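The next block is entry_6.cif, given as mmCIF, C-alpha atoms and all ligand atoms.
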```cif
data_structure
#
loop_
_atom_site.label_atom_id
_atom_site.label_comp_id
_atom_site.auth_asym_id
_atom_site.auth_seq_id
_atom_site.Cartn_x
_atom_site.Cartn_y
_atom_site.Cartn_z
CA MET A 23 -34.48 -20.95 -26.98
CA ILE A 24 -33.14 -17.72 -25.53
CA PRO A 25 -33.64 -17.75 -21.73
CA GLU A 26 -36.35 -15.53 -20.30
CA ASN A 27 -33.93 -13.48 -18.24
CA ILE A 28 -32.55 -12.06 -21.47
CA ASN A 29 -34.28 -8.87 -22.52
CA LEU A 30 -33.07 -9.09 -26.09
CA LYS A 31 -32.19 -5.83 -27.81
CA ALA A 32 -29.13 -6.63 -29.90
CA VAL A 33 -27.64 -9.49 -31.91
CA LEU A 34 -23.87 -9.47 -32.27
CA PHE A 35 -22.70 -11.18 -35.44
CA ASP A 36 -19.25 -12.51 -36.13
CA MET A 37 -18.24 -12.15 -39.80
CA ASP A 38 -15.95 -14.90 -41.20
CA GLY A 39 -17.74 -18.23 -41.21
CA VAL A 40 -21.02 -16.56 -40.19
CA LEU A 41 -21.77 -13.88 -42.78
CA PHE A 42 -19.27 -14.97 -45.42
CA ASN A 43 -18.02 -18.44 -46.32
CA SER A 44 -14.49 -17.12 -46.14
CA MET A 45 -12.88 -19.61 -43.79
CA PRO A 46 -11.82 -22.12 -46.51
CA TYR A 47 -9.81 -19.28 -48.09
CA HIS A 48 -8.42 -17.98 -44.80
CA SER A 49 -7.22 -21.42 -43.75
CA LYS A 50 -5.72 -22.08 -47.19
CA ALA A 51 -3.91 -18.72 -47.17
CA TRP A 52 -2.53 -19.23 -43.65
CA ASN A 53 -1.36 -22.74 -44.48
CA GLU A 54 0.40 -21.71 -47.69
CA VAL A 55 2.15 -18.65 -46.28
CA MET A 56 3.30 -20.43 -43.15
CA THR A 57 4.54 -23.41 -45.15
CA ASN A 58 6.50 -21.10 -47.47
CA HIS A 59 8.28 -19.74 -44.38
CA GLY A 60 9.02 -23.15 -42.92
CA LEU A 61 6.29 -22.74 -40.30
CA ASP A 62 3.88 -25.53 -39.45
CA LEU A 63 0.18 -24.65 -39.57
CA SER A 64 -2.27 -27.04 -41.20
CA ARG A 65 -5.55 -25.88 -42.68
CA GLU A 66 -7.41 -27.77 -39.98
CA GLU A 67 -5.46 -26.05 -37.21
CA ALA A 68 -6.10 -22.67 -38.82
CA TYR A 69 -9.81 -23.20 -38.10
CA LEU A 70 -9.02 -23.65 -34.42
CA HIS A 71 -7.19 -20.29 -34.34
CA GLU A 72 -10.01 -18.51 -36.13
CA GLY A 73 -10.86 -15.26 -34.38
CA ARG A 74 -7.40 -14.58 -33.02
CA THR A 75 -5.54 -11.54 -34.22
CA ALA A 76 -2.94 -12.38 -36.87
CA ALA A 77 -0.19 -11.54 -34.37
CA GLY A 78 -1.72 -13.93 -31.85
CA THR A 79 -1.79 -16.80 -34.31
CA ILE A 80 1.71 -16.13 -35.64
CA ASN A 81 3.16 -15.97 -32.12
CA ILE A 82 1.60 -19.30 -31.14
CA ILE A 83 3.30 -20.96 -34.12
CA TYR A 84 6.61 -19.18 -33.38
CA GLN A 85 6.51 -20.16 -29.72
CA ARG A 86 5.81 -23.78 -30.62
CA GLN A 87 8.56 -23.95 -33.21
CA TYR A 88 11.22 -21.52 -31.93
CA GLY A 89 10.28 -20.93 -28.29
CA LYS A 90 9.92 -17.18 -28.81
CA ASP A 91 7.55 -14.59 -30.23
CA ALA A 92 7.94 -13.32 -33.78
CA THR A 93 9.32 -9.81 -34.22
CA GLN A 94 6.96 -7.02 -35.18
CA GLU A 95 8.51 -7.03 -38.64
CA GLU A 96 8.00 -10.77 -39.08
CA ILE A 97 4.39 -10.45 -37.98
CA GLU A 98 3.74 -7.60 -40.39
CA ASN A 99 5.38 -9.41 -43.29
CA LEU A 100 3.55 -12.68 -42.71
CA TYR A 101 0.22 -10.93 -42.30
CA LYS A 102 0.83 -8.85 -45.41
CA GLU A 103 1.60 -11.99 -47.42
CA LYS A 104 -1.38 -13.82 -46.02
CA SER A 105 -3.70 -10.91 -46.83
CA LYS A 106 -2.29 -10.62 -50.35
CA LEU A 107 -2.82 -14.31 -50.99
CA PHE A 108 -6.30 -14.26 -49.44
CA ASN A 109 -7.24 -11.34 -51.68
CA SER A 110 -6.00 -13.22 -54.75
CA PHE A 111 -8.55 -15.99 -54.14
CA PRO A 112 -12.13 -15.80 -55.45
CA GLU A 113 -14.41 -13.60 -53.38
CA ALA A 114 -15.98 -15.45 -50.48
CA GLU A 115 -19.69 -15.98 -50.99
CA PRO A 116 -22.23 -14.73 -48.46
CA MET A 117 -23.18 -17.58 -46.13
CA PRO A 118 -26.49 -19.14 -47.23
CA GLY A 119 -29.23 -18.18 -44.78
CA ALA A 120 -27.38 -15.17 -43.36
CA TRP A 121 -29.34 -12.53 -45.29
CA GLU A 122 -32.61 -14.21 -44.34
CA LEU A 123 -31.66 -14.26 -40.65
CA LEU A 124 -30.50 -10.62 -40.73
CA GLN A 125 -33.88 -9.64 -42.21
CA LYS A 126 -35.70 -11.48 -39.43
CA VAL A 127 -33.55 -9.89 -36.74
CA LYS A 128 -34.04 -6.45 -38.26
CA ALA A 129 -37.80 -6.95 -38.62
CA ALA A 130 -37.94 -7.87 -34.93
CA GLY A 131 -36.61 -4.37 -34.18
CA LEU A 132 -33.35 -5.65 -32.76
CA THR A 133 -30.04 -3.86 -33.22
CA ILE A 134 -27.53 -5.68 -35.42
CA MET A 135 -23.82 -5.34 -34.63
CA LEU A 136 -20.70 -6.77 -36.25
CA VAL A 137 -17.90 -8.09 -34.06
CA THR A 138 -14.95 -9.44 -36.00
CA GLY A 139 -11.26 -10.03 -35.47
CA SER A 140 -10.80 -9.43 -39.17
CA GLY A 141 -9.00 -6.47 -40.58
CA GLN A 142 -9.65 -7.49 -44.17
CA ARG A 143 -10.79 -4.30 -45.87
CA SER A 144 -12.04 -6.35 -48.83
CA LEU A 145 -14.62 -8.19 -46.74
CA LEU A 146 -15.53 -5.21 -44.62
CA ASP A 147 -16.18 -3.23 -47.81
CA ARG A 148 -18.32 -6.03 -49.20
CA LEU A 149 -20.59 -6.13 -46.16
CA ASP A 150 -22.61 -3.23 -47.46
CA HIS A 151 -22.79 -4.69 -50.94
CA HIS A 152 -24.15 -8.07 -49.86
CA TYR A 153 -26.06 -6.92 -46.79
CA PRO A 154 -27.24 -3.45 -47.79
CA GLY A 155 -28.49 -1.21 -45.01
CA ILE A 156 -27.75 -3.71 -42.26
CA PHE A 157 -24.37 -2.82 -40.77
CA LYS A 158 -23.43 0.66 -39.59
CA PRO A 159 -19.81 1.71 -38.95
CA GLU A 160 -20.63 2.95 -35.44
CA LEU A 161 -22.05 -0.49 -34.62
CA MET A 162 -18.98 -2.46 -35.67
CA VAL A 163 -15.98 -3.76 -33.77
CA THR A 164 -13.12 -4.92 -36.01
CA ALA A 165 -9.42 -5.74 -35.71
CA TYR A 166 -8.78 -2.00 -35.89
CA ASP A 167 -10.64 -1.37 -32.63
CA VAL A 168 -9.35 -3.95 -30.20
CA LYS A 169 -6.09 -4.65 -28.46
CA HIS A 170 -6.97 -8.22 -27.59
CA GLY A 171 -8.49 -10.55 -30.17
CA LYS A 172 -10.87 -13.39 -29.40
CA PRO A 173 -10.92 -15.51 -27.20
CA HIS A 174 -10.43 -12.41 -25.03
CA PRO A 175 -13.81 -10.89 -24.17
CA GLU A 176 -12.68 -7.40 -25.21
CA PRO A 177 -14.29 -7.40 -28.70
CA TYR A 178 -17.70 -8.34 -27.32
CA LEU A 179 -17.41 -6.09 -24.27
CA MET A 180 -16.49 -3.23 -26.60
CA ALA A 181 -19.53 -4.01 -28.75
CA LEU A 182 -21.80 -3.79 -25.70
CA GLU A 183 -20.22 -0.47 -24.77
CA LYS A 184 -20.47 0.92 -28.30
CA GLY A 185 -24.09 -0.09 -28.63
CA GLY A 186 -25.03 0.86 -25.08
CA PHE A 187 -26.22 -2.63 -24.19
CA LYS A 188 -25.88 -4.78 -21.08
CA GLN A 189 -24.83 -8.43 -21.12
CA ASP A 190 -28.40 -9.62 -20.67
CA GLU A 191 -29.66 -7.55 -23.59
CA ALA A 192 -27.63 -9.23 -26.32
CA ILE A 193 -26.77 -12.54 -27.90
CA VAL A 194 -23.72 -13.59 -29.91
CA ILE A 195 -23.67 -15.61 -33.16
CA GLU A 196 -20.30 -17.34 -33.65
CA ASN A 197 -18.85 -20.19 -35.70
CA ALA A 198 -15.39 -20.56 -34.14
CA PRO A 199 -14.45 -22.08 -30.78
CA LEU A 200 -12.40 -19.01 -29.80
CA GLY A 201 -15.25 -16.74 -30.85
CA VAL A 202 -17.67 -18.71 -28.71
CA GLU A 203 -15.21 -18.47 -25.81
CA ALA A 204 -15.01 -14.71 -26.27
CA GLY A 205 -18.78 -14.30 -26.21
CA VAL A 206 -19.11 -16.50 -23.15
CA ALA A 207 -16.22 -14.72 -21.40
CA ALA A 208 -18.01 -11.43 -22.03
CA GLY A 209 -21.01 -12.88 -20.20
CA ILE A 210 -23.25 -12.98 -23.28
CA TYR A 211 -25.57 -15.83 -24.35
CA THR A 212 -23.74 -17.36 -27.29
CA ILE A 213 -25.21 -19.36 -30.16
CA GLY A 214 -22.83 -21.48 -32.22
CA VAL A 215 -23.19 -22.24 -35.92
CA ASN A 216 -20.89 -24.99 -37.08
CA THR A 217 -20.13 -23.94 -40.64
CA GLY A 218 -16.65 -25.52 -40.81
CA PRO A 219 -14.91 -28.88 -40.33
CA ILE A 220 -14.61 -28.69 -36.54
CA PRO A 221 -16.48 -31.33 -34.48
CA ASP A 222 -19.62 -30.03 -32.69
CA ASP A 223 -18.09 -30.96 -29.33
CA VAL A 224 -15.38 -28.34 -29.71
CA LEU A 225 -17.97 -25.57 -30.02
CA LEU A 226 -20.12 -26.95 -27.24
CA ASN A 227 -17.10 -27.31 -24.96
CA ALA A 228 -16.18 -23.71 -25.75
CA GLY A 229 -19.50 -22.79 -24.14
CA ALA A 230 -22.07 -22.45 -26.93
CA SER A 231 -25.57 -22.58 -25.38
CA GLU A 232 -27.19 -23.66 -28.63
CA LEU A 233 -25.64 -25.11 -31.76
CA TYR A 234 -26.88 -25.14 -35.36
CA PRO A 235 -25.27 -26.85 -38.36
CA SER A 236 -25.59 -23.83 -40.65
CA MET A 237 -26.78 -20.24 -40.85
CA GLN A 238 -29.77 -21.50 -42.82
CA ALA A 239 -30.66 -23.85 -39.96
CA LEU A 240 -30.33 -20.99 -37.48
CA SER A 241 -32.51 -18.77 -39.64
CA ASP A 242 -35.12 -21.51 -39.97
CA ALA A 243 -35.13 -21.96 -36.20
CA TRP A 244 -35.21 -18.22 -35.38
CA GLU A 245 -38.94 -18.11 -34.59
CA THR A 246 -38.46 -20.83 -31.98
CA ILE A 247 -35.33 -19.24 -30.53
CA TYR A 248 -36.73 -15.74 -30.11
CA LYS A 249 -40.38 -15.22 -29.30
CA CA A 301 -15.73 -16.55 -37.38
#
```
What is this structure when it is put down as structure tokens?
Ligand code: CA
Amino acid sequence: MIPENINLKAVLFDMDGVLFNSMPYHSKAWNEVMTNHGLDLSREEAYLHEGRTAAGTINIIYQRQYGKDATQEEIENLYKEKSKLFNSFPEAEPMPGAWELLQKVKAAGLTIMLVTGSGQRSLLDRLDHHYPGIFKPELMVTAYDVKHGKPHPEPYLMALEKGGFKQDEAIVIENAPLGVEAGVAAGIYTIGVNTGPIPDDVLLNAGASELYPSMQALSDAWETIYK
């Protein structure tokens, strides 16, 4: 249940793994592209990097393997390949329960914002198709807006600024450990939804105040979370 000191006005939604079941495709695309370039990134590890900018993820792998950052050109090429592969996969389905939860949040008169590290135009374009009338461009923070990706608090702090909200007027909905860390680092009450293969402990240790096994479970519990 959301603590009483929170005067809830806005709900900040992450996108991949929260609104769309896109993480299986992201992790597969990362794994394949990295492997093709002799770089070591398993699908499972890709889930742990979820939320980072592409450059951030690529540099972690480069540092581990070569002891140095990738060049700008290498980053751009890898990200381009990864995006191309990702876009060749079937379209990610909306996460079951997400539409229902968004309707409840909207009906409660709360502002809905999107905060994502993604720069995938394909998914951003599909938001309006699958969630019509919910997300407004001026209430979105994407990879195009921020310098620092999650787990840095910048994306969530920028969302508060864009929406004109204070820390104690919002909550965050996140599925990834780094996303949870970002919400917590921004000083916002963060709810985790474990929609992937990561153990619950990882999300709880990242600082999630509440944890649900799916968006459907979160939607079902909404009336007990927010009264
Ligand atoms: Ca996510």
Test item: residues no farther than 7 Å from ligand CA 301 (chain A), counting all atoms listed in the file, as a list in words: Asp36, Met37, Asp38, Gly39, Val40, Glu72, Gly73, Glu196, Asn197, Ala198 and Gly201 of chain A
Option closest in space to A:Ser231, from A:Leu132, A:Leu124, A:Ala68, A:Ile24 [counting all atoms listed in the file]: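 Answer, going by the shortest atom-to-atom distance: A:Ile24.
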For A:Leu146, the nearest of the candidates A:Ile220, A:Leu179, A:Val163, A:Ala130, counting all atoms listed in the file: A:Val163
Which of A:Glu67, A:Glu98, A:Glu103, A:Asp91 sits closest to A:Val55 [using all atoms listed in the file]: A:Glu103
Length of the atom CA of A:Arg65 to atom CA of A:Asn53 vector [Å]: 5.5 Å
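Going from atom CA of A:Glu176 over to atom CA of A:Gly205, you cover 9.3 Å.
Here atom CA of A:Lys128 and atom CA of A:Asn43 stand 21.6 Å from one another.
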Would you kindly return, as a PDB file with C-alpha atoms, keeping the file's coordinate frame, each protein, DNA or RNA residue with an atom no farther than 10 Å from any atom of A:Lys31, considering only C-alpha atoms and excluding same-chain residues fewer than 3 positions away?
```
ATOM      1  CA  ILE A  28     -32.550 -12.060 -21.470  1.00  0.00           C
ATOM      2  CA  VAL A 127     -33.550  -9.890 -36.740  1.00  0.00           C
ATOM      3  CA  ALA A 130     -37.940  -7.870 -34.930  1.00  0.00           C
ATOM      4  CA  GLY A 131     -36.610  -4.370 -34.180  1.00  0.00           C
ATOM      5  CA  LEU A 132     -33.350  -5.650 -32.760  1.00  0.00           C
ATOM      6  CA  THR A 133     -30.040  -3.860 -33.220  1.00  0.00           C
ATOM      7  CA  ILE A 134     -27.530  -5.680 -35.420  1.00  0.00           C
ATOM      8  CA  GLY A 185     -24.090  -0.090 -28.630  1.00  0.00           C
ATOM      9  CA  PHE A 187     -26.220  -2.630 -24.190  1.00  0.00           C
ATOM     10  CA  LYS A 188     -25.880  -4.780 -21.080  1.00  0.00           C
ATOM     11  CA  ASP A 190     -28.400  -9.620 -20.670  1.00  0.00           C
ATOM     12  CA  GLU A 191     -29.660  -7.550 -23.590  1.00  0.00           C
ATOM     13  CA  ALA A 192     -27.630  -9.230 -26.320  1.00  0.00           C
ATOM     14  CA  ILE A 193     -26.770 -12.540 -27.900  1.00  0.00           C
TER      15      ILE A 193
END
```
Which of A:Leu107, A:Val33, A:Ala230, A:Ile97 sits closest to A:Thr75 [using only C-alpha atoms]: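 Using only C-alpha atoms, A:Thr75 sits closest to A:Ile97.
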Top pick for closest residue to A:Phe157, considering A:Asn27, A:Phe35, A:Asn227, A:Ala243 and counting only C-alpha atoms: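 Using only C-alpha atoms, A:Phe157 sits closest to A:Phe35.
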Near-stretch 166-173 of chain A list (12 Å; all atoms listed in the file; drop same-chain fewer than 3 positions) as an MDAnalysis selection string: chainID A and resid 36 70:79 136:143 146 159:163 176:181 184 196 198:208 228:229
Shortest interatomic distance to A:His152 - which of A:Glu115, A:Leu100, A:His174, A:Gly186, counting only C-alpha atoms: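 Under the stated criterion, the closest residue is A:Glu115.
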Please put the answer as lines of an AutoDock Vina configuration file: centre and edge lengths, in Å with one decimal, of a box along x, y and z that encloses all listed atoms of stretch 87-103 of chain A plus 4 Å on each side.
```
center_x = 5.7
center_y = -15.5
center_z = -37.9
size_x = 19.0
size_y = 24.9
size_z = 27.1
```
